[in-house]
file work.cif (mmCIF, C-alpha atoms)
data_query
loop_
_atom_site.label_atom_id
_atom_site.label_comp_id
_atom_site.auth_asym_id
_atom_site.auth_seq_id
_atom_site.Cartn_x
_atom_site.Cartn_y
_atom_site.Cartn_z
CA MET Z 1 0.00 0.00 0.00
CA THR Z 2 1.34 3.48 0.75
CA ASP Z 3 4.73 4.24 2.23
CA THR Z 4 4.61 5.43 5.85
CA HIS Z 5 8.24 6.17 6.64
CA LEU Z 6 7.37 9.51 8.20
CA ALA Z 7 5.72 9.72 11.62
CA PRO Z 8 2.01 10.58 11.25
CA ALA Z 9 2.47 14.10 12.66
CA SER Z 10 5.33 14.82 10.25
CA ARG Z 11 3.39 13.47 7.29
CA GLU Z 12 0.30 15.49 8.18
CA ALA Z 13 2.47 18.60 8.40
CA LEU Z 14 3.82 17.91 4.91
CA TYR Z 15 0.29 17.39 3.58
CA ALA Z 16 -0.66 20.76 5.02
CA THR Z 17 2.39 22.39 3.41
CA LEU Z 18 1.45 20.92 0.03
CA ASP Z 19 -2.11 22.18 0.43
CA ARG Z 20 -0.93 25.69 1.30
CA TRP Z 21 1.46 25.83 -1.65
CA ILE Z 22 -1.34 24.86 -4.04
CA ASP Z 23 -3.68 27.42 -2.45
CA ALA Z 24 -1.04 30.13 -2.79
CA HIS Z 25 -0.41 29.32 -6.46
CA PHE Z 26 -3.98 28.59 -7.49
CA ASP Z 27 -4.48 31.83 -9.42
CA GLU Z 28 -1.41 30.86 -11.44
CA GLN Z 29 -2.85 27.41 -12.04
CA THR Z 30 -6.14 28.92 -13.19
CA ARG Z 31 -4.32 31.18 -15.65
CA LEU Z 32 -2.49 28.17 -17.05
CA LEU Z 33 -5.79 26.41 -17.71
CA GLN Z 34 -7.14 29.51 -19.41
CA GLU Z 35 -4.12 29.58 -21.71
CA LEU Z 36 -4.56 25.89 -22.56
CA VAL Z 37 -8.27 26.31 -23.33
CA ARG Z 38 -7.60 29.26 -25.61
CA VAL Z 39 -5.66 27.12 -28.11
CA PRO Z 40 -8.27 25.00 -29.97
CA THR Z 41 -7.71 21.27 -30.34
CA ASP Z 42 -10.85 20.25 -32.18
CA THR Z 43 -10.58 16.64 -33.32
CA PRO Z 44 -11.52 16.43 -36.14
CA PRO Z 45 -9.75 18.13 -37.84
CA GLY Z 46 -7.08 17.23 -35.31
CA ASN Z 47 -4.43 19.90 -35.84
CA ASN Z 48 -3.05 19.48 -32.33
CA ALA Z 49 0.67 20.14 -32.69
CA PRO Z 50 0.21 23.91 -32.06
CA HIS Z 51 -1.32 23.19 -28.66
CA ALA Z 52 1.60 20.96 -27.73
CA GLU Z 53 4.01 23.71 -28.73
CA ARG Z 54 2.16 26.24 -26.57
CA THR Z 55 1.99 23.78 -23.67
CA ALA Z 56 5.74 23.21 -23.89
CA GLU Z 57 6.32 26.97 -23.79
CA LEU Z 58 4.17 27.34 -20.69
CA LEU Z 59 5.84 24.40 -18.94
CA ALA Z 60 9.25 25.90 -19.67
CA GLU Z 61 8.22 28.93 -17.62
CA PHE Z 62 8.05 26.57 -14.62
CA GLY Z 63 11.45 25.07 -15.36
CA MET Z 64 9.95 21.94 -16.90
CA THR Z 65 11.45 20.73 -20.18
CA ALA Z 66 9.02 18.87 -22.42
CA GLU Z 67 10.27 16.32 -24.90
CA LYS Z 68 8.32 16.72 -28.13
CA ILE Z 69 7.38 13.51 -29.92
CA ALA Z 70 5.95 14.36 -33.35
CA ILE Z 71 3.88 11.62 -34.97
CA PRO Z 72 4.72 11.08 -38.68
CA PRO Z 73 2.28 13.09 -40.83
CA ALA Z 74 1.31 10.08 -42.92
CA LEU Z 75 0.13 8.21 -39.84
CA CYS Z 76 -1.87 11.23 -38.71
CA ARG Z 77 -3.55 11.42 -42.11
CA GLU Z 78 -4.42 7.71 -41.98
CA GLN Z 79 -6.40 8.46 -38.80
CA GLY Z 80 -8.06 11.47 -40.37
CA LEU Z 81 -5.96 13.88 -38.31
CA GLN Z 82 -3.69 16.74 -39.32
CA SER Z 83 -0.92 16.78 -36.70
CA ILE Z 84 0.01 15.32 -33.33
CA THR Z 85 2.92 16.17 -31.08
CA ASN Z 86 2.93 14.34 -27.76
CA LEU Z 87 4.86 15.62 -24.75
CA ILE Z 88 6.84 13.89 -22.01
CA VAL Z 89 8.21 15.79 -19.01
CA ARG Z 90 10.58 13.63 -16.95
CA ARG Z 91 11.28 14.50 -13.29
CA PRO Z 92 13.79 11.97 -11.92
CA TYR Z 93 14.49 11.81 -8.18
CA GLY Z 94 16.56 9.42 -6.08
CA ALA Z 95 17.05 5.74 -6.77
CA GLY Z 96 14.80 3.03 -5.41
CA GLY Z 97 11.30 4.39 -5.91
CA PRO Z 98 8.62 3.94 -8.57
CA VAL Z 99 8.28 6.04 -11.70
CA ILE Z 100 4.74 7.38 -11.85
CA ALA Z 101 3.23 8.60 -15.13
CA LEU Z 102 0.50 11.25 -15.07
CA ASN Z 103 -1.40 11.32 -18.37
CA ALA Z 104 -3.95 13.81 -19.69
CA HIS Z 105 -5.14 14.31 -23.24
CA GLY Z 106 -5.51 17.62 -25.04
CA ASP Z 107 -7.58 16.58 -28.06
CA VAL Z 108 -11.33 17.21 -27.85
CA VAL Z 109 -14.47 17.04 -29.93
CA PRO Z 110 -15.48 20.29 -31.70
CA PRO Z 111 -17.56 22.68 -29.58
CA GLY Z 112 -20.83 22.38 -31.47
CA GLU Z 113 -23.72 24.77 -30.94
CA GLY Z 114 -25.56 26.24 -27.97
CA TRP Z 115 -22.72 27.87 -26.05
CA THR Z 116 -23.52 30.83 -23.79
CA HIS Z 117 -19.82 31.26 -22.94
CA ALA Z 118 -17.00 31.51 -25.49
CA PRO Z 119 -15.80 27.94 -26.11
CA TYR Z 120 -12.18 29.10 -26.32
CA GLY Z 121 -12.43 32.00 -23.90
CA GLY Z 122 -11.52 30.36 -20.61
CA GLY Z 123 -13.86 32.76 -18.86
CA VAL Z 124 -14.51 32.39 -15.12
CA VAL Z 125 -18.07 32.93 -13.89
CA ASP Z 126 -19.36 32.04 -10.42
CA GLY Z 127 -16.37 29.87 -9.61
CA LYS Z 128 -16.50 27.92 -12.88
CA LEU Z 129 -14.03 28.10 -15.75
CA TYR Z 130 -15.74 27.65 -19.11
CA GLY Z 131 -14.33 26.32 -22.37
CA ARG Z 132 -13.97 23.25 -24.53
CA ALA Z 133 -11.68 20.77 -22.73
CA ALA Z 134 -11.88 22.72 -19.46
CA ALA Z 135 -13.14 19.53 -17.79
CA VAL Z 136 -11.89 16.82 -20.17
CA SER Z 137 -9.03 17.01 -19.84
CA LYS Z 138 -6.93 20.16 -20.14
CA CYS Z 139 -7.80 20.82 -16.50
CA ASP Z 140 -5.60 17.86 -15.58
CA PHE Z 141 -2.67 19.26 -17.51
CA THR Z 142 -2.72 21.78 -14.66
CA THR Z 143 -3.71 19.35 -11.90
CA PHE Z 144 -0.71 17.16 -12.60
CA THR Z 145 1.71 20.02 -13.32
CA PHE Z 146 0.93 21.90 -10.12
CA ALA Z 147 0.86 18.76 -7.99
CA VAL Z 148 4.41 18.05 -9.17
CA ARG Z 149 5.48 21.64 -8.56
CA ALA Z 150 4.03 21.55 -5.04
CA LEU Z 151 5.78 18.25 -4.29
CA GLU Z 152 9.12 19.55 -5.47
CA ALA Z 153 8.67 22.80 -3.55
CA LEU Z 154 8.62 20.81 -0.29
CA GLY Z 155 12.35 20.28 -0.61
CA VAL Z 156 12.20 16.83 0.98
CA PRO Z 157 14.20 13.86 -0.39
CA LEU Z 158 12.27 11.91 -2.99
CA ARG Z 159 12.94 8.58 -4.68
CA GLY Z 160 11.72 7.31 -8.02
CA GLY Z 161 10.38 9.78 -10.52
CA ILE Z 162 7.41 11.37 -12.23
CA GLU Z 163 6.60 11.67 -15.92
CA LEU Z 164 3.97 14.00 -17.32
CA HIS Z 165 2.45 12.51 -20.47
CA PHE Z 166 0.40 15.10 -22.37
CA THR Z 167 -1.01 13.38 -25.45
CA TYR Z 168 -3.39 14.16 -28.31
CA ASP Z 169 -5.14 11.04 -29.61
CA GLU Z 170 -7.70 10.02 -27.00
CA GLU Z 171 -10.71 10.86 -29.17
CA PHE Z 172 -9.41 8.52 -31.89
CA GLY Z 173 -8.35 5.67 -29.62
CA GLY Z 174 -4.99 6.65 -28.18
CA THR Z 175 -2.76 4.56 -30.46
CA LEU Z 176 -0.90 7.69 -31.61
CA GLY Z 177 -0.91 9.11 -28.09
CA PRO Z 178 0.10 6.93 -25.15
CA GLY Z 179 0.06 3.92 -27.45
CA TRP Z 180 2.86 5.42 -29.54
CA LEU Z 181 4.95 6.33 -26.49
CA LEU Z 182 4.62 2.84 -25.03
CA GLU Z 183 5.03 0.84 -28.25
CA HIS Z 184 8.19 2.74 -29.19
CA GLY Z 185 9.80 2.28 -25.79
CA LEU Z 186 9.80 5.99 -25.00
CA THR Z 187 8.36 5.31 -21.57
CA HIS Z 188 7.67 2.42 -19.23
CA PRO Z 189 6.53 3.74 -15.87
CA ASP Z 190 5.80 1.55 -12.87
CA LEU Z 191 2.42 3.14 -12.14
CA GLU Z 192 0.05 5.47 -13.98
CA ILE Z 193 -2.68 7.96 -13.08
CA ALA Z 194 -4.84 9.29 -15.90
CA ALA Z 195 -7.08 12.32 -16.09
CA GLY Z 196 -10.43 11.80 -14.39
CA PHE Z 197 -12.96 13.32 -12.04
CA SER Z 198 -12.65 14.26 -8.39
CA TYR Z 199 -15.43 12.27 -6.76
CA GLN Z 200 -14.42 8.75 -7.68
CA VAL Z 201 -11.28 6.70 -8.22
CA VAL Z 202 -11.74 4.52 -11.31
CA ASN Z 203 -9.97 1.17 -11.58
CA ALA Z 204 -11.95 -0.43 -14.45
CA HIS Z 205 -13.80 0.70 -17.56
CA ASN Z 206 -15.72 -0.55 -20.56
CA GLY Z 207 -14.22 -1.50 -23.86
CA CYS Z 208 -15.38 -0.03 -27.15
CA LEU Z 209 -15.76 -1.45 -30.65
CA GLN Z 210 -16.51 0.96 -33.51
CA LEU Z 211 -17.51 -0.29 -36.95
CA GLU Z 212 -18.17 1.44 -40.25
CA VAL Z 213 -20.88 -0.33 -42.25
CA THR Z 214 -21.20 0.58 -45.94
CA VAL Z 215 -24.53 -0.51 -47.39
CA HIS Z 216 -24.47 -0.89 -51.18
CA GLY Z 217 -27.50 -0.72 -53.44
CA VAL Z 218 -27.97 0.62 -56.98
CA MET Z 219 -28.70 4.28 -57.73
CA ALA Z 220 -31.73 5.06 -59.88
CA HIS Z 221 -34.00 7.93 -60.80
CA ALA Z 222 -36.79 8.32 -58.27
CA ALA Z 223 -39.33 8.24 -61.13
CA ILE Z 224 -38.28 4.68 -61.96
CA PRO Z 225 -37.21 3.26 -58.57
CA HIS Z 226 -37.66 -0.33 -59.72
CA THR Z 227 -34.49 0.05 -61.79
CA GLY Z 228 -32.41 0.53 -58.67
CA VAL Z 229 -31.88 -1.00 -55.25
CA ASP Z 230 -32.54 1.35 -52.33
CA ALA Z 231 -29.50 1.23 -50.05
CA LEU Z 232 -31.42 3.15 -47.41
CA GLN Z 233 -34.01 0.37 -47.14
CA GLY Z 234 -31.14 -2.02 -46.58
CA ALA Z 235 -29.72 0.33 -43.96
CA VAL Z 236 -33.09 0.47 -42.18
CA ALA Z 237 -33.16 -3.32 -41.94
CA ILE Z 238 -29.65 -3.29 -40.50
CA LEU Z 239 -30.51 -0.49 -38.05
CA ASN Z 240 -33.56 -2.36 -36.78
CA ALA Z 241 -31.48 -5.48 -36.26
CA LEU Z 242 -28.75 -3.55 -34.47
CA TYR Z 243 -31.08 -1.70 -32.15
CA ALA Z 244 -32.84 -4.97 -31.32
CA GLN Z 245 -29.52 -6.10 -29.84
CA ASN Z 246 -29.86 -3.50 -27.08
CA ALA Z 247 -32.82 -5.41 -25.68
CA ILE Z 248 -30.53 -8.44 -25.38
CA TYR Z 249 -27.69 -6.41 -23.88
CA ARG Z 250 -29.89 -5.16 -21.05
CA HIS Z 251 -29.85 -8.71 -19.67
CA LEU Z 252 -26.02 -8.81 -19.53
CA HIS Z 253 -24.67 -7.25 -16.35
CA SER Z 254 -21.11 -6.57 -15.24
CA ALA Z 255 -19.90 -7.53 -11.78
CA VAL Z 256 -17.88 -4.29 -11.69
CA GLN Z 257 -19.47 -1.60 -9.57
CA GLY Z 258 -20.23 1.46 -11.69
CA ILE Z 259 -20.66 -0.53 -14.92
CA ASP Z 260 -24.07 -1.91 -15.86
CA HIS Z 261 -24.70 -3.52 -19.26
CA PRO Z 262 -23.39 -3.31 -22.83
CA TYR Z 263 -24.89 -0.81 -25.23
CA LEU Z 264 -24.90 -0.09 -28.95
CA ASN Z 265 -25.21 3.35 -30.52
CA VAL Z 266 -25.32 4.37 -34.18
CA GLY Z 267 -23.76 7.80 -34.09
CA LEU Z 268 -23.40 8.75 -37.75
CA ILE Z 269 -25.40 8.09 -40.94
CA GLU Z 270 -24.37 9.33 -44.39
CA GLY Z 271 -25.84 8.55 -47.80
CA GLY Z 272 -27.73 9.49 -50.90
CA THR Z 273 -27.00 12.08 -53.56
CA ASN Z 274 -30.27 13.99 -54.00
CA THR Z 275 -33.94 13.87 -53.06
CA ASN Z 276 -34.93 12.58 -56.51
CA VAL Z 277 -32.36 9.76 -56.61
CA VAL Z 278 -32.71 6.29 -55.11
CA PRO Z 279 -29.70 6.11 -52.78
CA GLY Z 280 -27.06 3.71 -53.94
CA LYS Z 281 -24.90 3.84 -50.83
CA VAL Z 282 -25.45 4.53 -47.14
CA ILE Z 283 -22.76 4.51 -44.47
CA LEU Z 284 -23.46 3.76 -40.80
CA LYS Z 285 -20.93 4.22 -38.01
CA LEU Z 286 -21.66 2.41 -34.78
CA ASP Z 287 -20.23 2.28 -31.28
CA ARG Z 288 -20.56 -0.88 -29.19
CA ARG Z 289 -19.62 -0.54 -25.51
CA MET Z 290 -18.32 -3.79 -24.01
CA ILE Z 291 -18.37 -4.64 -20.33
CA PRO Z 292 -15.09 -6.01 -18.92
CA GLU Z 293 -16.40 -9.57 -18.90
CA GLU Z 294 -17.00 -9.68 -22.66
CA ASP Z 295 -14.62 -11.09 -25.27
CA PRO Z 296 -14.02 -8.41 -27.94
CA ALA Z 297 -13.49 -10.98 -30.70
CA ALA Z 298 -16.81 -12.66 -29.91
CA VAL Z 299 -18.59 -9.31 -29.76
CA GLU Z 300 -17.29 -8.29 -33.16
CA ALA Z 301 -18.11 -11.65 -34.74
CA GLU Z 302 -21.68 -11.48 -33.44
CA LEU Z 303 -22.20 -7.93 -34.70
CA ARG Z 304 -20.90 -8.84 -38.13
CA ARG Z 305 -23.30 -11.80 -38.22
CA VAL Z 306 -26.27 -9.60 -37.26
CA ILE Z 307 -25.40 -7.02 -39.92
CA GLU Z 308 -24.83 -9.54 -42.69
CA GLN Z 309 -28.06 -11.42 -41.93
CA ALA Z 310 -30.08 -8.20 -41.96
CA ALA Z 311 -28.51 -7.14 -45.25
CA ALA Z 312 -29.30 -10.51 -46.79
CA SER Z 313 -32.99 -10.00 -45.97
CA VAL Z 314 -33.20 -7.16 -48.54
CA PRO Z 315 -32.69 -8.37 -52.13
CA GLY Z 316 -29.82 -6.73 -53.99
CA ILE Z 317 -28.17 -5.27 -50.90
CA SER Z 318 -24.53 -5.95 -50.01
CA VAL Z 319 -22.38 -4.62 -47.17
CA ASP Z 320 -18.77 -3.88 -46.35
CA ILE Z 321 -17.81 -3.81 -42.67
CA ARG Z 322 -14.67 -2.07 -41.48
CA ARG Z 323 -13.39 -1.93 -37.93
CA MET Z 324 -12.50 1.66 -36.98
CA LEU Z 325 -11.56 1.12 -33.34
CA LEU Z 326 -11.10 -1.65 -30.83
CA ALA Z 327 -10.44 -0.36 -27.33
CA ARG Z 328 -10.21 -3.16 -24.80
CA ALA Z 329 -11.72 -2.83 -21.36
CA LEU Z 330 -9.64 -1.89 -18.35
CA THR Z 331 -9.56 -4.43 -15.55
CA PRO Z 332 -7.67 -3.83 -12.30
CA LEU Z 333 -4.07 -5.02 -12.39
CA ALA Z 334 -2.33 -6.19 -9.24
CA GLY Z 335 -0.59 -3.18 -7.76
CA HIS Z 336 -3.20 -0.61 -8.79
CA GLU Z 337 -4.21 -0.35 -5.14
CA LYS Z 338 -0.92 1.44 -4.45
CA LEU Z 339 -2.55 4.34 -6.26
CA ALA Z 340 -6.23 3.77 -5.60
CA VAL Z 341 -6.04 3.54 -1.81
CA PRO Z 342 -4.13 6.78 -1.10
CA LEU Z 343 -6.10 8.67 -3.75
CA GLN Z 344 -9.32 7.57 -2.10
CA ARG Z 345 -8.08 8.41 1.38
CA HIS Z 346 -6.89 11.89 0.48
CA ALA Z 347 -9.96 12.66 -1.63
CA GLN Z 348 -12.21 11.70 1.26
CA ALA Z 349 -10.23 13.93 3.63
CA LEU Z 350 -10.22 16.93 1.31
CA PHE Z 351 -13.73 16.62 -0.14
CA GLN Z 352 -15.26 15.51 3.17
CA GLU Z 353 -17.40 12.77 1.64
CA ASP Z 354 -17.23 9.14 0.56
CA ILE Z 355 -15.12 8.63 -2.57
CA PRO Z 356 -15.71 5.18 -4.10
CA ILE Z 357 -13.28 3.03 -6.06
CA VAL Z 358 -15.42 1.98 -9.03
CA GLY Z 359 -15.61 1.23 -12.72
CA THR Z 360 -16.94 3.56 -15.42
CA PRO Z 361 -18.81 2.93 -18.68
CA LEU Z 362 -16.40 5.26 -20.49
CA TYR Z 363 -13.29 3.99 -22.24
CA THR Z 364 -9.98 5.80 -21.93
CA ASP Z 365 -6.28 5.74 -22.78
CA VAL Z 366 -5.61 4.07 -19.41
CA ARG Z 367 -6.18 0.67 -20.96
CA LEU Z 368 -3.06 1.13 -23.09
CA TYR Z 369 -0.88 1.38 -19.98
CA ALA Z 370 -2.59 -1.66 -18.47
CA GLU Z 371 -2.00 -3.62 -21.68
CA HIS Z 372 1.72 -3.01 -21.08
CA GLY Z 373 1.46 -4.41 -17.55
CA ILE Z 374 1.41 -1.02 -15.83
CA PRO Z 375 -1.08 -0.76 -12.92
CA ALA Z 376 -3.22 2.30 -13.56
CA VAL Z 377 -6.19 4.23 -12.22
CA ILE Z 378 -8.18 7.29 -13.24
CA TYR Z 379 -8.36 10.36 -11.01
CA GLY Z 380 -8.27 14.09 -11.61
CA ALA Z 381 -10.32 17.26 -11.50
CA GLY Z 382 -14.02 17.26 -12.28
CA PRO Z 383 -17.58 16.69 -11.06
CA ARG Z 384 -19.45 13.56 -10.05
CA THR Z 385 -20.66 12.82 -13.59
CA VAL Z 386 -19.63 13.65 -17.14
CA ARG Z 387 -22.99 15.34 -17.70
CA GLU Z 388 -22.49 17.78 -14.82
CA SER Z 389 -19.43 19.24 -16.52
CA ASN Z 390 -21.10 19.41 -19.95
CA ALA Z 391 -18.12 17.55 -21.39
CA LYS Z 392 -18.69 17.07 -25.14
CA ARG Z 393 -21.64 19.50 -24.82
CA ALA Z 394 -22.12 23.26 -24.89
CA ASP Z 395 -20.77 25.25 -21.92
CA GLU Z 396 -18.26 22.67 -20.75
CA HIS Z 397 -16.73 23.87 -17.50
CA ILE Z 398 -14.70 22.95 -14.44
CA VAL Z 399 -15.62 24.02 -10.91
CA LEU Z 400 -12.44 25.68 -9.71
CA GLU Z 401 -12.77 24.37 -6.18
CA ASP Z 402 -12.82 20.82 -7.56
CA LEU Z 403 -9.65 21.63 -9.51
CA ARG Z 404 -7.92 22.98 -6.41
CA ARG Z 405 -8.75 20.04 -4.16
CA ALA Z 406 -8.01 17.41 -6.82
CA THR Z 407 -4.56 18.95 -7.25
CA GLN Z 408 -4.01 18.60 -3.51
CA VAL Z 409 -5.15 14.96 -3.65
CA ILE Z 410 -2.65 14.17 -6.40
CA ALA Z 411 0.19 16.00 -4.63
CA ARG Z 412 -0.41 14.15 -1.35
CA THR Z 413 -0.56 10.80 -3.13
CA LEU Z 414 2.70 11.47 -4.95
CA LEU Z 415 4.35 12.29 -1.63
CA ASP Z 416 3.13 8.99 -0.14
CA LEU Z 417 4.67 7.05 -2.99
CA LEU Z 418 7.91 8.95 -3.49
CA ASP Z 419 9.12 10.28 -0.13
CA ASP Z 420 12.57 9.07 0.90
CA ALA Z 421 12.23 9.66 4.63
#
call {"tool": "encode", "arguments": {"input": "work.cif", "output": "structure tokens"}}
result
Amino acid sequence: MTDTHLAPASREALYATLDRWIDAHFDEQTRLLQELVRVPTDTPPGNNAPHAERTAELLAEFGMTAEKIAIPPALCREQGLQSITNLIVRRPYGAGGPVIALNAHGDVVPPGEGWTHAPYGGGVVDGKLYGRAAAVSKCDFTTFTFAVRALEALGVPLRGGIELHFTYDEEFGGTLGPGWLLEHGLTHPDLEIAAGFSYQVVNAHNGCLQLEVTVHGVMAHAAIPHTGVDALQGAVAILNALYAQNAIYRHLHSAVQGIDHPYLNVGLIEGGTNTNVVPGKVILKLDRRMIPEEDPAAVEAELRRVIEQAAASVPGISVDIRRMLLARALTPLAGHEKLAVPLQRHAQALFQEDIPIVGTPLYTDVRLYAEHGIPAVIYGAGPRTVRESNAKRADEHIVLEDLRRATQVIARTLLDLLDDA
């Protein structure tokens, strides 16, 4: 579990010193988040290298040197992105302790409509900082940065090290973000904490399978529809079959607290050429959330069977099925409790309420660390639910008091794991 070399009174005094440092520098932390929000990272189009450059400049002002790992442009284009530069900041201490990675992602979905605050303004109103990625997860660029700064300001001997991983491919699966860093041997920490929310420590999450289904028919003039094959009618048959699966999924329940049942969503439909033309092609893009107990290969095989059978029920229809993403579920690795237990303890002390260790139906980059044998959990700044923060919706925001206390939780936990007393 946690290291307890220091006497309880001494450790509590150090916790209090960390808290005071973060309080004293919180205006500076808030300004950093405003600067990060003001550089757009809409993905798509995914031109995220400029944000990494700006982040590196801001970190340099704190004496932190960021290694810049540019992803080859051709690989970015294959993913439908324009540019990615990932950052690693390495803070080595004394020998004998663990290296802890702190990962947050800067890429976000476009702002969309309905904002009452400027999506790239970083404005503060009634104790909330507004802007796209304010809650997910540019806030944790600052949580992790200022937790490290507070820890180092203590001036106590430390062992092990910390790495800040600021990456830009979470929205597209993470393979060019943390996946790239890990696969190319640029990092191999002992433990990892990823950006999250303040009111729960997450040790498991759903997997996700995304498929693109292209439904082929034959175009024809709408005045003579019998000369064509309506791809949209084929798509409707497939959609009905897919949505019928959700009734089956409601009977499959995960044993992981915080995760319920699988779910399927069709998030994008494209097709047709004009109102007076029988559509010859329709494209569906679907998202299948998998509970940790499911086998991804079996899930994909079953979905392909359902789609192909539905297509075969409409004469003249054919389909192509392409996997866009396979994100495996996160299950707790042995050793993750070294992070989860102190995070929970400090969060409960600072937030003055019960903080559970649970799973989440989201999927994240954390799984990529776990797939490399690195025990990992999710914790950072944010509300009780995604919806409360308006993440991926208009008026996304972070409550600044949640940001402050989450930073203190991270700093205390790092001290527990790295002190050399």
call {"tool": "resolve_selection", "arguments": {"input": "work.cif", "expression": "the PyMOL selection byres ((chain Z and resi 244-256) around 9)", "output": "count of residues only"}}
result
24
call {"tool": "residues_around", "arguments": {"input": "work.cif", "residues": "region 9-26 of chain Z", "least_positions_apart": "3", "cutoff": "6 Å", "atoms": "only C-alpha atoms", "output": "list in words"}}
result
Leu6, Gln29, Ala150, Gln408 and Arg412 of chain Z
call {"tool": "resolve_selection", "arguments": {"input": "work.cif", "expression": "the PyMOL selection byres ((chain Z and resi 219) around 12)", "output": "number ranges by chain"}}
result
Z: 216-218, 220-232, 271-282, 316-317
call {"tool": "residues_around", "arguments": {"input": "work.cif", "residues": "region 56-69 of chain Z", "least_positions_apart": "5", "cutoff": "6 Å", "atoms": "all atoms listed in the file", "output": "list in words"}}
result
Thr85, Asn86, Leu87, Ile88 and Val89 of chain Z
call {"tool": "resolve_selection", "arguments": {"input": "work.cif", "expression": "the PyMOL selection byres ((chain Z and resi 189) around 10)", "output": "JSON, numbers by chain"}}
result
{"Z": [98, 99, 100, 101, 102, 161, 162, 163, 182, 186, 187, 188, 190, 191, 192, 369, 372, 373, 374, 375]}
call {"tool": "closest_atom_pairs", "arguments": {"input": "work.cif", "of": "region 72-189 of chain Z", "to": "region 33-54 of chain Z", "cutoff": "7 Å", "atoms": "all atoms listed in the file", "output": "tab-separated table"}}
result
residue	atom	partner	partner_atom	distance
Z:Leu81	CA	Z:Gly46	CA	4.6
Z:Gln82	CA	Z:Asn47	CA	4.8
Z:Ser83	CA	Z:Asn47	CA	4.8
Z:Ile84	CA	Z:Ala49	CA	4.9
Z:Thr85	CA	Z:Ala49	CA	4.8
Z:Asn86	CA	Z:Ala52	CA	6.8
Z:Leu87	CA	Z:Ala52	CA	6.9
Z:Gly106	CA	Z:Thr41	CA	6.8
Z:Asp107	CA	Z:Thr41	CA	5.2
Z:Val108	CA	Z:Asp42	CA	5.3
Z:Val109	CA	Z:Thr43	CA	5.2
Z:Pro110	CA	Z:Asp42	CA	4.7
Z:Tyr120	CA	Z:Arg38	CA	4.6
Z:Gly121	CA	Z:Arg38	CA	5.8
Z:Gly122	CA	Z:Gln34	CA	4.6
Z:Gly131	CA	Z:Val37	CA	6.1
Z:Arg132	CA	Z:Val37	CA	6.6
Z:Ala133	CA	Z:Val37	CA	6.5
Z:Ala134	CA	Z:Val37	CA	6.4
Z:Lys138	CA	Z:Leu36	CA	6.7
Z:Cys139	CA	Z:Leu33	CA	6.1
Z:Thr142	CA	Z:Leu33	CA	6.3
Z:Tyr168	CA	Z:Asn48	CA	6.7
call {"tool": "residues_around", "arguments": {"input": "work.cif", "residues": "Pro356 (chain Z)", "least_positions_apart": "4", "cutoff": "9 Å", "atoms": "only C-alpha atoms", "output": "mmCIF file with C-alpha atoms, in the frame of the given file"}}
result
data_model
loop_
_atom_site.group_PDB
_atom_site.id
_atom_site.type_symbol
_atom_site.label_atom_id
_atom_site.label_comp_id
_atom_site.auth_asym_id
_atom_site.auth_seq_id
_atom_site.Cartn_x
_atom_site.Cartn_y
_atom_site.Cartn_z
ATOM 1 C CA TYR Z 199 -15.430 12.270 -6.760
ATOM 2 C CA GLN Z 200 -14.420 8.750 -7.680
ATOM 3 C CA VAL Z 201 -11.280 6.700 -8.220
ATOM 4 C CA VAL Z 202 -11.740 4.520 -11.310
ATOM 5 C CA GLN Z 344 -9.320 7.570 -2.100
#
call {"tool": "residues_around", "arguments": {"input": "work.cif", "residues": "region 103-105 of chain Z", "least_positions_apart": "3", "cutoff": "8 Å", "atoms": "all atoms listed in the file", "output": "PyMOL selection string"}}
result
chain Z and resi 136-138+140-141+164-170+192-195
call {"tool": "atom_distance", "arguments": {"input": "work.cif", "atom1": "CA of Leu211 (chain Z)", "atom2": "CA of Arg288 (chain Z)"}}
result
8.4 Å
call {"tool": "atom_distance", "arguments": {"input": "work.cif", "atom1": "CA of Gly173 (chain Z)", "atom2": "CA of Ile398 (chain Z)"}}
result
23.9 Å
call {"tool": "atom_distance", "arguments": {"input": "work.cif", "atom1": "CA of Gly185 (chain Z)", "atom2": "CA of Tyr379 (chain Z)"}}
result
24.8 Å
call {"tool": "closest_residue", "arguments": {"input": "work.cif", "among": "Z:Glu212, Z:Gly127, Z:Asp354, Z:Leu343", "to": "Ile307 (chain Z)", "atoms": "only C-alpha atoms"}}
result
Z:Glu212
call {"tool": "residues_around", "arguments": {"input": "work.cif", "residues": "Leu403 (chain Z)", "least_positions_apart": "2", "cutoff": "8 Å", "atoms": "all atoms listed in the file", "output": "PyMOL selection string"}}
result
chain Z and resi 139+143+380-382+398-401+405-407
call {"tool": "closest_residue", "arguments": {"input": "work.cif", "among": "Z:Val148, Z:Val125, Z:Leu326, Z:Ala311", "to": "Arg90 (chain Z)", "atoms": "all atoms listed in the file"}}
result
Z:Val148
call {"tool": "closest_residue", "arguments": {"input": "work.cif", "among": "Z:Ala147, Z:Leu368, Z:Val314, Z:Ala394", "to": "Pro111 (chain Z)", "atoms": "all atoms listed in the file"}}
result
Z:Ala394
call {"tool": "closest_residue", "arguments": {"input": "work.cif", "among": "Z:Ile71, Z:Leu414, Z:Ala329, Z:Ile321", "to": "Leu181 (chain Z)", "atoms": "only C-alpha atoms"}}
result
Z:Ile71
call {"tool": "residues_near_point", "arguments": {"input": "work.cif", "point": "(17.4, 6.7, -3.8)", "cutoff": "12 Å", "atoms": "all atoms listed in the file", "output": "VMD selection string"}}
result
chain Z and resid 92 to 98 157 to 161 418 to 421
call {"tool": "axis_aligned_box", "arguments": {"input": "work.cif", "around": "region 326-343 of chain Z", "padding_each_side": "5 Å", "output": "JSON"}}
result
{"center_x": -6.2, "center_y": 1.2, "center_z": -16.0, "size_x": 21.1, "size_y": 24.9, "size_z": 39.7}
